[in-house]
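> Structure: upload-v3.pdb, PDB, C-alpha atoms, pLDDT in the B column.
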ATOM      1  CA  MET Q 474      83.616 -98.916  50.360  1.00 52.00           C
ATOM      2  CA  THR Q 475      83.342 -95.265  51.313  1.00 58.00           C
ATOM      3  CA  PRO Q 476      84.680 -92.795  48.741  1.00 59.00           C
ATOM      4  CA  ARG Q 477      87.651 -90.730  49.903  1.00 63.00           C
ATOM      5  CA  ALA Q 478      88.512 -87.144  49.149  1.00 65.00           C
ATOM      6  CA  PRO Q 479      90.904 -86.898  46.202  1.00 73.00           C
ATOM      7  CA  VAL Q 480      93.463 -85.000  48.296  1.00 74.00           C
ATOM      8  CA  ILE Q 481      96.505 -86.100  50.299  1.00 73.00           C
ATOM      9  CA  ALA Q 482      97.672 -83.950  53.212  1.00 70.00           C
ATOM     10  CA  LEU Q 483     101.460 -83.927  53.128  1.00 72.00           C
ATOM     11  CA  TYR Q 484     103.587 -81.663  55.330  1.00 78.00           C
ATOM     12  CA  GLY Q 485     100.724 -79.245  55.874  1.00 75.00           C
ATOM     13  CA  SER Q 486      99.816 -78.913  52.200  1.00 75.00           C
ATOM     14  CA  SER Q 487      97.064 -80.577  50.234  1.00 76.00           C
ATOM     15  CA  PHE Q 488      98.137 -82.379  47.072  1.00 80.00           C
ATOM     16  CA  PRO Q 489      95.708 -83.839  44.548  1.00 81.00           C
ATOM     17  CA  VAL Q 490      95.705 -87.617  44.325  1.00 83.00           C
ATOM     18  CA  TRP Q 491      95.784 -87.531  40.523  1.00 83.00           C
ATOM     19  CA  LEU Q 492      99.304 -86.108  40.747  1.00 86.00           C
ATOM     20  CA  PHE Q 493     100.565 -89.117  42.692  1.00 88.00           C
ATOM     21  CA  ALA Q 494      98.541 -91.504  40.515  1.00 89.00           C
ATOM     22  CA  ALA Q 495     100.123 -90.024  37.372  1.00 91.00           C
ATOM     23  CA  LEU Q 496     103.630 -90.400  38.811  1.00 93.00           C
ATOM     24  CA  ALA Q 497     102.899 -93.969  39.907  1.00 94.00           C
ATOM     25  CA  GLY Q 498     101.528 -94.753  36.453  1.00 93.00           C
ATOM     26  CA  LEU Q 499     104.712 -93.439  34.892  1.00 95.00           C
ATOM     27  CA  VAL Q 500     106.845 -95.557  37.214  1.00 96.00           C
ATOM     28  CA  MET Q 501     104.725 -98.641  36.481  1.00 95.00           C
ATOM     29  CA  ALA Q 502     105.095 -98.085  32.728  1.00 94.00           C
ATOM     30  CA  LEU Q 503     108.869 -97.735  33.081  1.00 95.00           C
ATOM     31  CA  VAL Q 504     109.062-100.954  35.088  1.00 96.00           C
ATOM     32  CA  LEU Q 505     106.937-102.757  32.479  1.00 95.00           C
ATOM     33  CA  ARG Q 506     109.216-101.405  29.731  1.00 95.00           C
ATOM     34  CA  GLU Q 507     112.280-102.814  31.462  1.00 96.00           C
ATOM     35  CA  VAL Q 508     110.574-106.184  31.965  1.00 96.00           C
ATOM     36  CA  LEU Q 509     109.612-106.326  28.280  1.00 95.00           C
ATOM     37  CA  ILE Q 510     113.173-105.453  27.246  1.00 95.00           C
ATOM     38  CA  ALA Q 511     114.645-108.083  29.587  1.00 96.00           C
ATOM     39  CA  THR Q 512     112.327-110.804  28.250  1.00 95.00           C
ATOM     40  CA  GLY Q 513     112.803-109.788  24.618  1.00 93.00           C
ATOM     41  CA  LEU Q 514     109.120-109.082  24.026  1.00 93.00           C
ATOM     42  CA  SER Q 515     109.658-105.389  23.314  1.00 91.00           C
ATOM     43  CA  ARG Q 516     110.859-106.039  19.786  1.00 92.00           C
ATOM     44  CA  HIS Q 517     107.471-107.597  18.938  1.00 93.00           C
ATOM     45  CA  LEU Q 518     105.505-104.441  19.774  1.00 90.00           C
ATOM     46  CA  PRO Q 519     104.228-102.708  16.620  1.00 91.00           C
ATOM     47  CA  ALA Q 520     104.079 -99.227  18.195  1.00 93.00           C
ATOM     48  CA  PRO Q 521     106.131 -99.187  21.420  1.00 92.00           C
ATOM     49  CA  ALA Q 522     105.624 -95.484  22.176  1.00 92.00           C
ATOM     50  CA  VAL Q 523     101.837 -95.798  21.957  1.00 95.00           C
ATOM     51  CA  PHE Q 524     101.901 -98.999  24.017  1.00 94.00           C
ATOM     52  CA  HIS Q 525     103.978 -97.516  26.827  1.00 94.00           C
ATOM     53  CA  LEU Q 526     101.992 -94.277  26.879  1.00 95.00           C
ATOM     54  CA  SER Q 527      98.727 -96.200  27.105  1.00 95.00           C
ATOM     55  CA  THR Q 528     100.039 -98.416  29.928  1.00 95.00           C
ATOM     56  CA  ALA Q 529     101.096 -95.311  31.864  1.00 95.00           C
ATOM     57  CA  VAL Q 530      97.681 -93.680  31.392  1.00 95.00           C
ATOM     58  CA  LEU Q 531      95.755 -96.868  32.146  1.00 95.00           C
ATOM     59  CA  SER Q 532      97.687 -97.625  35.332  1.00 94.00           C
ATOM     60  CA  GLY Q 533      97.486 -94.002  36.513  1.00 92.00           C
ATOM     61  CA  VAL Q 534      93.733 -93.811  35.972  1.00 91.00           C
ATOM     62  CA  GLY Q 535      93.294 -97.226  37.584  1.00 90.00           C
ATOM     63  CA  LEU Q 536      95.197 -96.161  40.695  1.00 89.00           C
ATOM     64  CA  TYR Q 537      93.190 -92.941  40.878  1.00 87.00           C
ATOM     65  CA  VAL Q 538      89.887 -94.812  40.684  1.00 86.00           C
ATOM     66  CA  LEU Q 539      91.056 -97.269  43.347  1.00 86.00           C
ATOM     67  CA  TRP Q 540      92.060 -94.393  45.630  1.00 82.00           C
ATOM     68  CA  ILE Q 541      88.844 -92.385  45.427  1.00 78.00           C
ATOM     69  CA  GLY Q 542      86.710 -95.454  45.964  1.00 74.00           C
ATOM     70  CA  GLY Q 543      85.476 -96.292  42.504  1.00 66.00           C
ATOM     71  CA  TYR Q 544      83.206 -94.683  39.987  1.00 61.00           C
ATOM     72  CA  GLN Q 545      80.039 -93.252  41.547  1.00 58.00           C
TER      73      GLN Q 545
END
What is this file in structure tokens?


Amino acid sequence: MTPRAPVIALYGSSFPVWLFAALAGLVMALVLREVLIATGLSRHLPAPAVFHLSTAVLSGVGLYVLWIGGYQ
């Protein structure tokens, strides 16, 4: 897999991919939060704020690494 530039050209401007990865990570964490609330598993989390923050960071970093083509 060839590494890509960490920039997205959008409407004539260049935006860093980490910005979109961070927003996608936030959305993924919010979706996971709603799923955990709907299934009743959220009340078993010892530190929900830390859990949701770490899922947002982990998914954002994971998407960023997938986009740029992995760690080199």

> Between CA of Val504 in chain Q and CA of Val480 in chain Q, what is the distance, to one decimal in Å?

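We find that CA of Val504 in chain Q and CA of Val480 in chain Q lie 25.9 Å from each other.
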
> Which is closest to Leu496 in chain Q among Q:Ile481, Q:Ile510, Q:Val534, Q:Leu539, if we use all atoms listed in the file?

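That would be Q:Val534, the residue with the smallest distance to Leu496 in chain Q.
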
> Could you work out how far CA of Tyr484 in chain Q lies from CA of Val530 in chain Q, giving the answer in Å with one decimal?

27.4 Å

> Of the candidates Q:Phe488, Q:Thr528, Q:Phe493, Q:Ala520, which shows the shortest atom-to-atom distance to Arg506 in chain Q, using all atoms listed in the file?

Q:Thr528

> Between Q:Pro519, Q:Gly533, Q:Gly542, Q:Gly513, which residue has the minimum interatomic distance to Pro479 in chain Q, considering all atoms listed in the file?

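Looking at the shortest contact to Pro479 in chain Q, the residue is Q:Gly542.
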
> Measure the distance from CA of Gly535 in chain Q to CA of Leu503 in chain Q in Å and round it to one decimal.

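So the two atoms, CA of Gly535 in chain Q and CA of Leu503 in chain Q, lie 16.2 Å apart.
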
> Pick the closest to Ser532 in chain Q from Q:Ala502, Q:His517, Q:Val508, Q:Leu483: which is it, counting all atoms listed in the file?

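Looking at the shortest contact to Ser532 in chain Q, the residue is Q:Ala502.
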
> Go through Q:Ala529, Q:Ile541, Q:Leu536, Q:Ala482 and flag the residue nearest Leu499 in chain Q, using all atoms listed in the file for the distances.

Q:Ala529

> Quick one: axis-aligned box around all listed atoms of range 523-527 of chain Q, 5 Å on every side, centre and edge lengths in Å to one decimal, written as lines of an AutoDock Vina configuration file.


center_x = 101.4
center_y = -96.6
center_z = 24.5
size_x = 15.3
size_y = 14.7
size_z = 15.1

> What does range 481-496 of chain Q look like written to a file with all heavy atoms, as a PDB file, in the first residue's frame?


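part.pdb, freshly written:
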ATOM      1  N   ILE Q 481      -6.437  16.602   2.545  1.00  0.00           N
ATOM      2  CA  ILE Q 481      -7.596  16.428   1.675  1.00  0.00           C
ATOM      3  C   ILE Q 481      -7.872  17.761   0.997  1.00  0.00           C
ATOM      4  O   ILE Q 481      -8.006  18.786   1.666  1.00  0.00           O
ATOM      5  CB  ILE Q 481      -8.839  15.993   2.468  1.00  0.00           C
ATOM      6  CG1 ILE Q 481      -8.636  14.615   3.079  1.00  0.00           C
ATOM      7  CG2 ILE Q 481     -10.080  16.002   1.596  1.00  0.00           C
ATOM      8  CD1 ILE Q 481      -9.773  14.167   3.959  1.00  0.00           C
ATOM      9  N   ALA Q 482      -7.954  17.750  -0.328  1.00  0.00           N
ATOM     10  CA  ALA Q 482      -8.308  18.961  -1.073  1.00  0.00           C
ATOM     11  C   ALA Q 482      -9.835  19.041  -1.137  1.00  0.00           C
ATOM     12  O   ALA Q 482     -10.496  18.157  -1.662  1.00  0.00           O
ATOM     13  CB  ALA Q 482      -7.721  18.908  -2.466  1.00  0.00           C
ATOM     14  N   LEU Q 483     -10.370  20.115  -0.570  1.00  0.00           N
ATOM     15  CA  LEU Q 483     -11.816  20.270  -0.495  1.00  0.00           C
ATOM     16  C   LEU Q 483     -12.180  21.701  -0.845  1.00  0.00           C
ATOM     17  O   LEU Q 483     -11.795  22.633  -0.129  1.00  0.00           O
ATOM     18  CB  LEU Q 483     -12.288  19.904   0.922  1.00  0.00           C
ATOM     19  CG  LEU Q 483     -13.772  19.762   1.168  1.00  0.00           C
ATOM     20  CD1 LEU Q 483     -14.331  18.592   0.371  1.00  0.00           C
ATOM     21  CD2 LEU Q 483     -14.027  19.546   2.637  1.00  0.00           C
ATOM     22  N   TYR Q 484     -12.876  21.884  -1.953  1.00  0.00           N
ATOM     23  CA  TYR Q 484     -13.294  23.209  -2.412  1.00  0.00           C
ATOM     24  C   TYR Q 484     -12.127  24.172  -2.568  1.00  0.00           C
ATOM     25  O   TYR Q 484     -12.204  25.343  -2.203  1.00  0.00           O
ATOM     26  CB  TYR Q 484     -14.352  23.817  -1.483  1.00  0.00           C
ATOM     27  CG  TYR Q 484     -15.623  23.018  -1.418  1.00  0.00           C
ATOM     28  CD1 TYR Q 484     -16.005  22.370  -0.253  1.00  0.00           C
ATOM     29  CD2 TYR Q 484     -16.451  22.910  -2.536  1.00  0.00           C
ATOM     30  CE1 TYR Q 484     -17.167  21.626  -0.194  1.00  0.00           C
ATOM     31  CE2 TYR Q 484     -17.615  22.172  -2.489  1.00  0.00           C
ATOM     32  CZ  TYR Q 484     -17.974  21.542  -1.329  1.00  0.00           C
ATOM     33  OH  TYR Q 484     -19.130  20.814  -1.273  1.00  0.00           O
ATOM     34  N   GLY Q 485     -11.012  23.680  -3.078  1.00  0.00           N
ATOM     35  CA  GLY Q 485      -9.867  24.526  -3.339  1.00  0.00           C
ATOM     36  C   GLY Q 485      -8.958  24.778  -2.163  1.00  0.00           C
ATOM     37  O   GLY Q 485      -7.965  25.481  -2.287  1.00  0.00           O
ATOM     38  N   SER Q 486      -9.285  24.219  -1.004  1.00  0.00           N
ATOM     39  CA  SER Q 486      -8.450  24.383   0.184  1.00  0.00           C
ATOM     40  C   SER Q 486      -7.928  23.027   0.617  1.00  0.00           C
ATOM     41  O   SER Q 486      -8.551  22.000   0.388  1.00  0.00           O
ATOM     42  CB  SER Q 486      -9.247  24.985   1.336  1.00  0.00           C
ATOM     43  OG  SER Q 486      -9.685  26.268   1.000  1.00  0.00           O
ATOM     44  N   SER Q 487      -6.790  23.039   1.267  1.00  0.00           N
ATOM     45  CA  SER Q 487      -6.214  21.804   1.782  1.00  0.00           C
ATOM     46  C   SER Q 487      -6.501  21.704   3.275  1.00  0.00           C
ATOM     47  O   SER Q 487      -6.175  22.599   4.046  1.00  0.00           O
ATOM     48  CB  SER Q 487      -4.705  21.783   1.543  1.00  0.00           C
ATOM     49  OG  SER Q 487      -4.441  21.779   0.165  1.00  0.00           O
ATOM     50  N   PHE Q 488      -7.124  20.603   3.665  1.00  0.00           N
ATOM     51  CA  PHE Q 488      -7.437  20.351   5.067  1.00  0.00           C
ATOM     52  C   PHE Q 488      -6.646  19.150   5.539  1.00  0.00           C
ATOM     53  O   PHE Q 488      -6.531  18.163   4.827  1.00  0.00           O
ATOM     54  CB  PHE Q 488      -8.930  20.068   5.249  1.00  0.00           C
ATOM     55  CG  PHE Q 488      -9.800  21.251   5.005  1.00  0.00           C
ATOM     56  CD1 PHE Q 488     -10.431  21.422   3.784  1.00  0.00           C
ATOM     57  CD2 PHE Q 488      -9.996  22.195   5.993  1.00  0.00           C
ATOM     58  CE1 PHE Q 488     -11.235  22.516   3.549  1.00  0.00           C
ATOM     59  CE2 PHE Q 488     -10.802  23.297   5.768  1.00  0.00           C
ATOM     60  CZ  PHE Q 488     -11.414  23.463   4.542  1.00  0.00           C
ATOM     61  N   PRO Q 489      -6.114  19.202   6.751  1.00  0.00           N
ATOM     62  CA  PRO Q 489      -5.361  18.051   7.260  1.00  0.00           C
ATOM     63  C   PRO Q 489      -6.298  16.880   7.565  1.00  0.00           C
ATOM     64  O   PRO Q 489      -7.421  17.069   8.049  1.00  0.00           O
ATOM     65  CB  PRO Q 489      -4.703  18.575   8.530  1.00  0.00           C
ATOM     66  CG  PRO Q 489      -5.528  19.739   8.942  1.00  0.00           C
ATOM     67  CD  PRO Q 489      -6.113  20.314   7.685  1.00  0.00           C
ATOM     68  N   VAL Q 490      -5.826  15.687   7.282  1.00  0.00           N
ATOM     69  CA  VAL Q 490      -6.627  14.493   7.501  1.00  0.00           C
ATOM     70  C   VAL Q 490      -6.907  14.274   8.986  1.00  0.00           C
ATOM     71  O   VAL Q 490      -7.963  13.772   9.351  1.00  0.00           O
ATOM     72  CB  VAL Q 490      -5.917  13.264   6.883  1.00  0.00           C
ATOM     73  CG1 VAL Q 490      -6.606  11.979   7.254  1.00  0.00           C
ATOM     74  CG2 VAL Q 490      -5.867  13.397   5.384  1.00  0.00           C
ATOM     75  N   TRP Q 491      -5.981  14.674   9.845  1.00  0.00           N
ATOM     76  CA  TRP Q 491      -6.197  14.449  11.280  1.00  0.00           C
ATOM     77  C   TRP Q 491      -7.452  15.162  11.769  1.00  0.00           C
ATOM     78  O   TRP Q 491      -8.095  14.713  12.717  1.00  0.00           O
ATOM     79  CB  TRP Q 491      -4.979  14.859  12.109  1.00  0.00           C
ATOM     80  CG  TRP Q 491      -4.680  16.321  12.101  1.00  0.00           C
ATOM     81  CD1 TRP Q 491      -3.777  16.949  11.322  1.00  0.00           C
ATOM     82  CD2 TRP Q 491      -5.291  17.338  12.918  1.00  0.00           C
ATOM     83  NE1 TRP Q 491      -3.777  18.298  11.588  1.00  0.00           N
ATOM     84  CE2 TRP Q 491      -4.696  18.562  12.556  1.00  0.00           C
ATOM     85  CE3 TRP Q 491      -6.263  17.338  13.897  1.00  0.00           C
ATOM     86  CZ2 TRP Q 491      -5.053  19.765  13.170  1.00  0.00           C
ATOM     87  CZ3 TRP Q 491      -6.619  18.539  14.487  1.00  0.00           C
ATOM     88  CH2 TRP Q 491      -6.010  19.729  14.131  1.00  0.00           C
ATOM     89  N   LEU Q 492      -7.812  16.265  11.121  1.00  0.00           N
ATOM     90  CA  LEU Q 492      -9.014  16.994  11.511  1.00  0.00           C
ATOM     91  C   LEU Q 492     -10.257  16.143  11.261  1.00  0.00           C
ATOM     92  O   LEU Q 492     -11.130  16.013  12.129  1.00  0.00           O
ATOM     93  CB  LEU Q 492      -9.089  18.302  10.726  1.00  0.00           C
ATOM     94  CG  LEU Q 492     -10.204  19.256  11.047  1.00  0.00           C
ATOM     95  CD1 LEU Q 492     -10.017  19.822  12.442  1.00  0.00           C
ATOM     96  CD2 LEU Q 492     -10.235  20.375  10.039  1.00  0.00           C
ATOM     97  N   PHE Q 493     -10.330  15.532  10.087  1.00  0.00           N
ATOM     98  CA  PHE Q 493     -11.463  14.675   9.764  1.00  0.00           C
ATOM     99  C   PHE Q 493     -11.441  13.387  10.580  1.00  0.00           C
ATOM    100  O   PHE Q 493     -12.480  12.874  10.988  1.00  0.00           O
ATOM    101  CB  PHE Q 493     -11.484  14.363   8.273  1.00  0.00           C
ATOM    102  CG  PHE Q 493     -11.774  15.570   7.434  1.00  0.00           C
ATOM    103  CD1 PHE Q 493     -10.777  16.164   6.686  1.00  0.00           C
ATOM    104  CD2 PHE Q 493     -13.036  16.133   7.406  1.00  0.00           C
ATOM    105  CE1 PHE Q 493     -11.027  17.284   5.922  1.00  0.00           C
ATOM    106  CE2 PHE Q 493     -13.304  17.250   6.650  1.00  0.00           C
ATOM    107  CZ  PHE Q 493     -12.297  17.835   5.905  1.00  0.00           C
ATOM    108  N   ALA Q 494     -10.244  12.862  10.851  1.00  0.00           N
ATOM    109  CA  ALA Q 494     -10.126  11.657  11.670  1.00  0.00           C
ATOM    110  C   ALA Q 494     -10.588  11.931  13.098  1.00  0.00           C
ATOM    111  O   ALA Q 494     -11.250  11.097  13.727  1.00  0.00           O
ATOM    112  CB  ALA Q 494      -8.688  11.148  11.661  1.00  0.00           C
ATOM    113  N   ALA Q 495     -10.267  13.103  13.631  1.00  0.00           N
ATOM    114  CA  ALA Q 495     -10.699  13.461  14.985  1.00  0.00           C
ATOM    115  C   ALA Q 495     -12.221  13.600  15.040  1.00  0.00           C
ATOM    116  O   ALA Q 495     -12.859  13.129  16.000  1.00  0.00           O
ATOM    117  CB  ALA Q 495     -10.031  14.753  15.424  1.00  0.00           C
ATOM    118  N   LEU Q 496     -12.808  14.222  14.050  1.00  0.00           N
ATOM    119  CA  LEU Q 496     -14.273  14.360  14.018  1.00  0.00           C
ATOM    120  C   LEU Q 496     -14.950  13.002  13.862  1.00  0.00           C
ATOM    121  O   LEU Q 496     -15.965  12.734  14.511  1.00  0.00           O
ATOM    122  CB  LEU Q 496     -14.691  15.299  12.888  1.00  0.00           C
ATOM    123  CG  LEU Q 496     -14.331  16.767  13.083  1.00  0.00           C
ATOM    124  CD1 LEU Q 496     -14.680  17.569  11.834  1.00  0.00           C
ATOM    125  CD2 LEU Q 496     -15.037  17.334  14.293  1.00  0.00           C
TER     126      LEU Q 496
END
